[in-house]
file start.txt (compact mmCIF, C-alpha atoms)
# COMPACT_ATOMS: atom_id res chain seq x y z
CA MET E 1 -14.79 -148.89 203.82
CA LYS E 2 -12.19 -146.21 204.61
CA LYS E 3 -11.58 -143.49 202.03
CA ILE E 4 -8.03 -142.15 201.66
CA VAL E 5 -7.22 -139.08 199.58
CA HIS E 6 -3.62 -138.76 198.44
CA ILE E 7 -2.42 -135.26 197.51
CA ALA E 8 0.73 -135.18 195.38
CA ILE E 9 2.63 -134.14 192.32
CA PRO E 10 3.15 -137.78 191.29
CA VAL E 11 6.45 -137.84 189.43
CA SER E 12 9.32 -140.24 189.79
CA GLY E 13 9.58 -141.89 193.22
CA VAL E 14 6.46 -140.21 194.63
CA GLY E 15 4.39 -141.53 191.74
CA LEU E 16 5.82 -145.03 192.16
CA TYR E 17 5.14 -144.92 195.91
CA ILE E 18 1.48 -143.95 195.37
CA ASP E 19 1.14 -146.53 192.59
CA LEU E 20 2.40 -149.30 194.89
CA LEU E 21 0.21 -148.13 197.79
CA THR E 22 -2.97 -148.07 195.72
CA ARG E 23 -2.25 -151.42 194.03
CA TYR E 24 -1.45 -153.35 197.20
CA MET E 25 -4.04 -152.00 199.64
CA ASP E 26 -7.07 -154.19 200.20
CA LYS E 27 -9.73 -152.70 197.89
CA ASN E 28 -12.44 -154.18 200.10
CA ARG E 29 -11.23 -152.10 203.06
CA PHE E 30 -9.84 -148.95 201.41
CA THR E 31 -10.77 -146.63 198.59
CA ASN E 32 -7.90 -144.52 197.28
CA ILE E 33 -8.37 -141.19 195.54
CA LEU E 34 -5.65 -138.92 194.16
CA ILE E 35 -5.63 -135.13 194.00
CA SER E 36 -2.89 -134.27 191.57
CA ASN E 37 -1.46 -131.52 189.40
CA ASN E 38 -2.71 -130.89 185.88
CA GLU E 39 0.24 -132.52 184.16
CA LYS E 40 -0.07 -136.00 182.69
CA ALA E 41 1.26 -138.57 185.13
CA SER E 42 3.45 -141.34 183.79
CA PHE E 43 1.57 -143.82 186.01
CA ASN E 44 -1.77 -145.54 185.54
CA PHE E 45 -2.91 -145.55 189.14
CA ALA E 46 -5.15 -148.51 189.92
CA ASP E 47 -6.32 -150.69 192.80
CA ASN E 48 -5.34 -154.33 193.33
CA SER E 49 -7.95 -155.42 190.76
CA GLU E 50 -6.46 -153.05 188.17
CA ASN E 51 -9.48 -150.73 188.41
CA PRO E 52 -8.35 -147.11 187.90
CA ILE E 53 -8.56 -144.93 190.99
CA SER E 54 -10.35 -141.58 190.89
CA ILE E 55 -8.05 -138.66 190.11
CA TYR E 56 -8.96 -135.01 190.63
CA LYS E 57 -6.80 -132.43 188.88
CA VAL E 58 -5.92 -129.12 190.52
CA HIS E 59 -3.44 -126.38 189.76
CA LEU E 60 -0.77 -127.71 192.13
CA ILE E 61 2.63 -126.38 191.08
CA ARG E 62 6.04 -126.96 192.59
CA ASP E 63 7.19 -123.33 192.67
CA LEU E 64 5.97 -120.92 195.31
CA ASN E 65 3.25 -118.58 194.07
CA PHE E 66 0.96 -117.15 196.75
CA ILE E 67 -2.04 -116.49 194.48
CA THR E 68 -1.83 -119.86 192.70
CA ASP E 69 -1.27 -121.71 195.98
CA ILE E 70 -4.32 -120.08 197.63
CA ARG E 71 -6.47 -120.98 194.61
CA CYS E 72 -5.17 -124.53 194.76
CA LEU E 73 -5.97 -124.70 198.48
CA PHE E 74 -9.59 -123.72 197.79
CA GLN E 75 -9.81 -126.24 194.92
CA ILE E 76 -8.58 -128.99 197.26
CA ILE E 77 -10.94 -127.94 200.07
CA ASN E 78 -13.91 -128.12 197.66
CA ILE E 79 -12.87 -131.59 196.46
CA LEU E 80 -12.40 -132.81 200.03
CA LYS E 81 -15.84 -131.49 201.00
CA ALA E 82 -17.38 -133.48 198.12
CA VAL E 83 -15.35 -136.66 198.63
CA LYS E 84 -15.52 -136.73 202.48
CA PRO E 85 -12.40 -138.81 203.09
CA ASP E 86 -11.51 -140.52 206.35
CA LEU E 87 -7.83 -139.64 205.92
CA ILE E 88 -5.66 -137.31 203.84
CA HIS E 89 -2.19 -138.59 202.92
CA CYS E 90 0.07 -135.82 201.63
CA HIS E 91 3.17 -136.49 199.55
CA SER E 92 5.83 -133.88 198.65
CA THR E 93 6.55 -130.53 200.23
CA LYS E 94 3.94 -128.36 198.48
CA ALA E 95 1.19 -130.98 198.73
CA GLY E 96 2.13 -131.47 202.38
CA ILE E 97 1.69 -127.82 203.24
CA ILE E 98 -1.54 -127.28 201.31
CA GLY E 99 -3.00 -130.66 202.29
CA ARG E 100 -2.33 -130.18 205.99
CA ILE E 101 -3.93 -126.73 205.93
CA ALA E 102 -7.00 -128.16 204.16
CA GLY E 103 -7.18 -131.10 206.56
CA ALA E 104 -6.92 -128.86 209.62
CA TYR E 105 -9.59 -126.52 208.23
CA LEU E 106 -12.00 -129.40 207.56
CA GLY E 107 -11.10 -131.46 210.64
CA ILE E 108 -9.88 -134.45 208.60
CA PRO E 109 -6.95 -136.46 210.02
CA THR E 110 -3.90 -135.84 207.85
CA VAL E 111 -0.56 -137.58 207.51
CA TYR E 112 2.45 -136.34 205.60
CA THR E 113 5.15 -138.52 204.08
CA PRO E 114 8.20 -136.59 202.90
CA HIS E 115 9.83 -138.55 200.10
CA ALA E 116 12.73 -136.19 199.49
CA PHE E 117 13.81 -132.72 200.41
CA SER E 118 14.07 -131.32 196.87
CA TYR E 119 14.56 -127.77 198.08
CA LEU E 120 17.99 -128.75 199.42
CA SER E 121 19.23 -129.37 195.86
CA THR E 122 18.45 -125.85 194.66
CA ASN E 123 21.04 -123.12 194.20
CA ASN E 124 18.60 -120.52 195.53
CA ARG E 125 19.57 -119.56 199.11
CA LEU E 126 16.02 -118.40 199.97
CA LYS E 127 14.51 -121.76 198.95
CA LYS E 128 17.15 -123.65 200.91
CA ALA E 129 16.36 -121.60 204.02
call {"tool": "encode", "arguments": {"input": "start.txt", "output": "structure tokens"}}
result
Amino acid sequence: MKKIVHIAIPVSGVGLYIDLLTRYMDKNRFTNILISNNEKASFNFADNSENPISIYKVHLIRDLNFITDIRCLFQIINILKAVKPDLIHCHSTKAGIIGRIAGAYLGIPTVYTPHAFSYLSTNNRLKKA
């Protein structure tokens, strides 16, 4: 059985994408786990037998904050050490950066799926750059 950890802020399309992935993967071949932000998700993530998937909450925020992001990185590394996944699947920009750093540090294969480039819609020139 392969264990996949998804790292995301699961709102809107990203949440729907993860919901569909976890519901339609073969539960006899894959175990899905979600590392998510502390906010309540509007999805009830489950496998294809409607069993809820494990969700670990971390302080993953959308805005850039060096101290908070470093703390979140260490939270995610500790969870990954305990869970021992075969693959990390990162969703969204922030989760992609932090998840890929954690995966590289722990030697876990990591994939990143960008669902949108939200920073392009900001009026802040620094964020766009």
call {"tool": "atom_distance", "arguments": {"input": "start.txt", "atom1": "CA of Leu20 in chain E", "atom2": "CA of Ser49 in chain E"}}
result
12.7 Å
call {"tool": "closest_residue", "arguments": {"input": "start.txt", "among": "E:Asn38, E:Thr113, E:Ser54, E:Phe43", "to": "His91 in chain E", "atoms": "only C-alpha atoms"}}
result
E:Thr113
call {"tool": "closest_residue", "arguments": {"input": "start.txt", "among": "E:Ile70, E:Met1, E:Ile77, E:Cys90", "to": "Ala102 in chain E", "atoms": "all atoms listed in the file"}}
result
E:Ile77
call {"tool": "residues_around", "arguments": {"input": "start.txt", "residues": "Glu39 in chain E", "least_positions_apart": "5", "cutoff": "10 Å", "atoms": "only C-alpha atoms", "output": "list in words"}}
result
Ile9, Pro10, Val11, Lys57, Val58, His59, Leu60 and Ile61 of chain E
call {"tool": "atom_distance", "arguments": {"input": "start.txt", "atom1": "CA of Leu106 in chain E", "atom2": "CA of Gly13 in chain E"}}
result
28.8 Å
call {"tool": "closest_residue", "arguments": {"input": "start.txt", "among": "E:Phe45, E:Arg71, E:Ile88, E:Lys94", "to": "Tyr17 in chain E", "atoms": "all atoms listed in the file"}}
result
E:Phe45
call {"tool": "residues_around", "arguments": {"input": "start.txt", "residues": "range 29-31 of chain E", "least_positions_apart": "6", "cutoff": "8 Å", "atoms": "all atoms listed in the file", "output": "PyMOL selection string"}}
result
chain E and resi 1-4
call {"tool": "closest_residue", "arguments": {"input": "start.txt", "among": "E:Met25, E:Asp86, E:Asp47, E:Tyr112", "to": "Arg100 in chain E", "atoms": "all atoms listed in the file"}}
result
E:Tyr112
call {"tool": "closest_residue", "arguments": {"input": "start.txt", "among": "E:Gly15, E:Pro85, E:Pro52, E:Gly96", "to": "Pro114 in chain E", "atoms": "all atoms listed in the file"}}
result
E:Gly96
call {"tool": "residues_around", "arguments": {"input": "start.txt", "residues": "Lys81 in chain E", "least_positions_apart": "2", "cutoff": "12 Å", "atoms": "all atoms listed in the file", "output": "PyMOL selection string"}}
result
chain E and resi 5+74-79+83-86+102-103+105-108
call {"tool": "atom_distance", "arguments": {"input": "start.txt", "atom1": "CA of Ser92 in chain E", "atom2": "CA of Asn48 in chain E"}}
result
23.9 Å
call {"tool": "closest_residue", "arguments": {"input": "start.txt", "among": "E:Ala46, E:Ile98, E:Ile33, E:Lys27", "to": "Arg62 in chain E", "atoms": "all atoms listed in the file"}}
result
E:Ile98
call {"tool": "build_atoms", "arguments": {"input": "start.txt", "residues": "range 84-110 of chain E", "atoms": "N, CA, C and O atoms", "output": "tab-separated table (two decimals), in the coordinates of the input"}}
result
chain	number	residue	atom	x	y	z
E	84	LYS	N	-15.38	-136.35	201.06
E	84	LYS	CA	-15.52	-136.73	202.48
E	84	LYS	C	-14.62	-137.91	202.86
E	84	LYS	O	-15.10	-138.97	203.28
E	85	PRO	N	-13.30	-137.71	202.75
E	85	PRO	CA	-12.40	-138.81	203.09
E	85	PRO	C	-12.26	-139.02	204.59
E	85	PRO	O	-12.54	-138.13	205.39
E	86	ASP	N	-11.81	-140.22	204.96
E	86	ASP	CA	-11.51	-140.52	206.35
E	86	ASP	C	-10.09	-140.08	206.72
E	86	ASP	O	-9.79	-139.86	207.89
E	87	LEU	N	-9.23	-139.99	205.70
E	87	LEU	CA	-7.83	-139.64	205.92
E	87	LEU	C	-7.27	-138.94	204.69
E	87	LEU	O	-7.63	-139.29	203.56
E	88	ILE	N	-6.40	-137.96	204.92
E	88	ILE	CA	-5.66	-137.31	203.84
E	88	ILE	C	-4.21	-137.74	204.00
E	88	ILE	O	-3.65	-137.66	205.09
E	89	HIS	N	-3.61	-138.21	202.91
E	89	HIS	CA	-2.19	-138.59	202.92
E	89	HIS	C	-1.47	-137.68	201.93
E	89	HIS	O	-1.69	-137.77	200.74
E	90	CYS	N	-0.65	-136.80	202.45
E	90	CYS	CA	0.07	-135.82	201.63
E	90	CYS	C	1.46	-136.34	201.28
E	90	CYS	O	2.14	-136.93	202.11
E	91	HIS	N	1.86	-136.09	200.05
E	91	HIS	CA	3.17	-136.49	199.55
E	91	HIS	C	3.81	-135.25	198.92
E	91	HIS	O	3.16	-134.55	198.16
E	92	SER	N	5.04	-135.01	199.17
E	92	SER	CA	5.83	-133.88	198.65
E	92	SER	C	5.61	-132.62	199.49
E	92	SER	O	4.62	-132.50	200.21
E	93	THR	N	6.55	-131.72	199.38
E	93	THR	CA	6.55	-130.53	200.23
E	93	THR	C	5.32	-129.66	200.01
E	93	THR	O	4.60	-129.32	200.95
E	94	LYS	N	5.07	-129.26	198.77
E	94	LYS	CA	3.94	-128.36	198.48
E	94	LYS	C	2.62	-129.02	198.82
E	94	LYS	O	1.76	-128.41	199.48
E	95	ALA	N	2.43	-130.27	198.41
E	95	ALA	CA	1.19	-130.98	198.73
E	95	ALA	C	1.04	-131.15	200.23
E	95	ALA	O	-0.06	-131.09	200.77
E	96	GLY	N	2.16	-131.32	200.93
E	96	GLY	CA	2.13	-131.47	202.38
E	96	GLY	C	1.64	-130.23	203.08
E	96	GLY	O	0.84	-130.29	204.01
E	97	ILE	N	2.11	-129.09	202.63
E	97	ILE	CA	1.69	-127.82	203.24
E	97	ILE	C	0.22	-127.55	202.96
E	97	ILE	O	-0.58	-127.32	203.88
E	98	ILE	N	-0.15	-127.59	201.69
E	98	ILE	CA	-1.54	-127.28	201.31
E	98	ILE	C	-2.51	-128.32	201.87
E	98	ILE	O	-3.57	-127.99	202.39
E	99	GLY	N	-2.14	-129.59	201.78
E	99	GLY	CA	-3.00	-130.66	202.29
E	99	GLY	C	-3.22	-130.60	203.78
E	99	GLY	O	-4.33	-130.82	204.27
E	100	ARG	N	-2.17	-130.27	204.54
E	100	ARG	CA	-2.33	-130.18	205.99
E	100	ARG	C	-3.18	-128.98	206.38
E	100	ARG	O	-3.96	-129.05	207.34
E	101	ILE	N	-3.07	-127.88	205.65
E	101	ILE	CA	-3.93	-126.73	205.93
E	101	ILE	C	-5.39	-127.10	205.66
E	101	ILE	O	-6.28	-126.84	206.47
E	102	ALA	N	-5.64	-127.75	204.51
E	102	ALA	CA	-7.00	-128.16	204.16
E	102	ALA	C	-7.55	-129.15	205.18
E	102	ALA	O	-8.71	-129.04	205.60
E	103	GLY	N	-6.74	-130.11	205.58
E	103	GLY	CA	-7.18	-131.10	206.56
E	103	GLY	C	-7.51	-130.48	207.91
E	103	GLY	O	-8.51	-130.82	208.53
E	104	ALA	N	-6.67	-129.54	208.34
E	104	ALA	CA	-6.92	-128.86	209.62
E	104	ALA	C	-8.20	-128.04	209.53
E	104	ALA	O	-9.02	-128.04	210.46
E	105	TYR	N	-8.39	-127.35	208.42
E	105	TYR	CA	-9.59	-126.52	208.23
E	105	TYR	C	-10.87	-127.37	208.27
E	105	TYR	O	-11.87	-126.96	208.85
E	106	LEU	N	-10.82	-128.55	207.64
E	106	LEU	CA	-12.00	-129.40	207.56
E	106	LEU	C	-12.09	-130.44	208.68
E	106	LEU	O	-13.07	-131.17	208.76
E	107	GLY	N	-11.08	-130.50	209.54
E	107	GLY	CA	-11.10	-131.46	210.64
E	107	GLY	C	-10.89	-132.90	210.19
E	107	GLY	O	-11.39	-133.83	210.82
E	108	ILE	N	-10.15	-133.10	209.12
E	108	ILE	CA	-9.88	-134.45	208.60
E	108	ILE	C	-8.46	-134.84	209.03
E	108	ILE	O	-7.52	-134.09	208.80
E	109	PRO	N	-8.30	-136.02	209.64
E	109	PRO	CA	-6.95	-136.46	210.02
E	109	PRO	C	-6.04	-136.48	208.78
E	109	PRO	O	-6.45	-136.93	207.71
E	110	THR	N	-4.83	-135.99	208.97
E	110	THR	CA	-3.90	-135.84	207.85
E	110	THR	C	-2.52	-136.37	208.23
E	110	THR	O	-2.04	-136.09	209.33
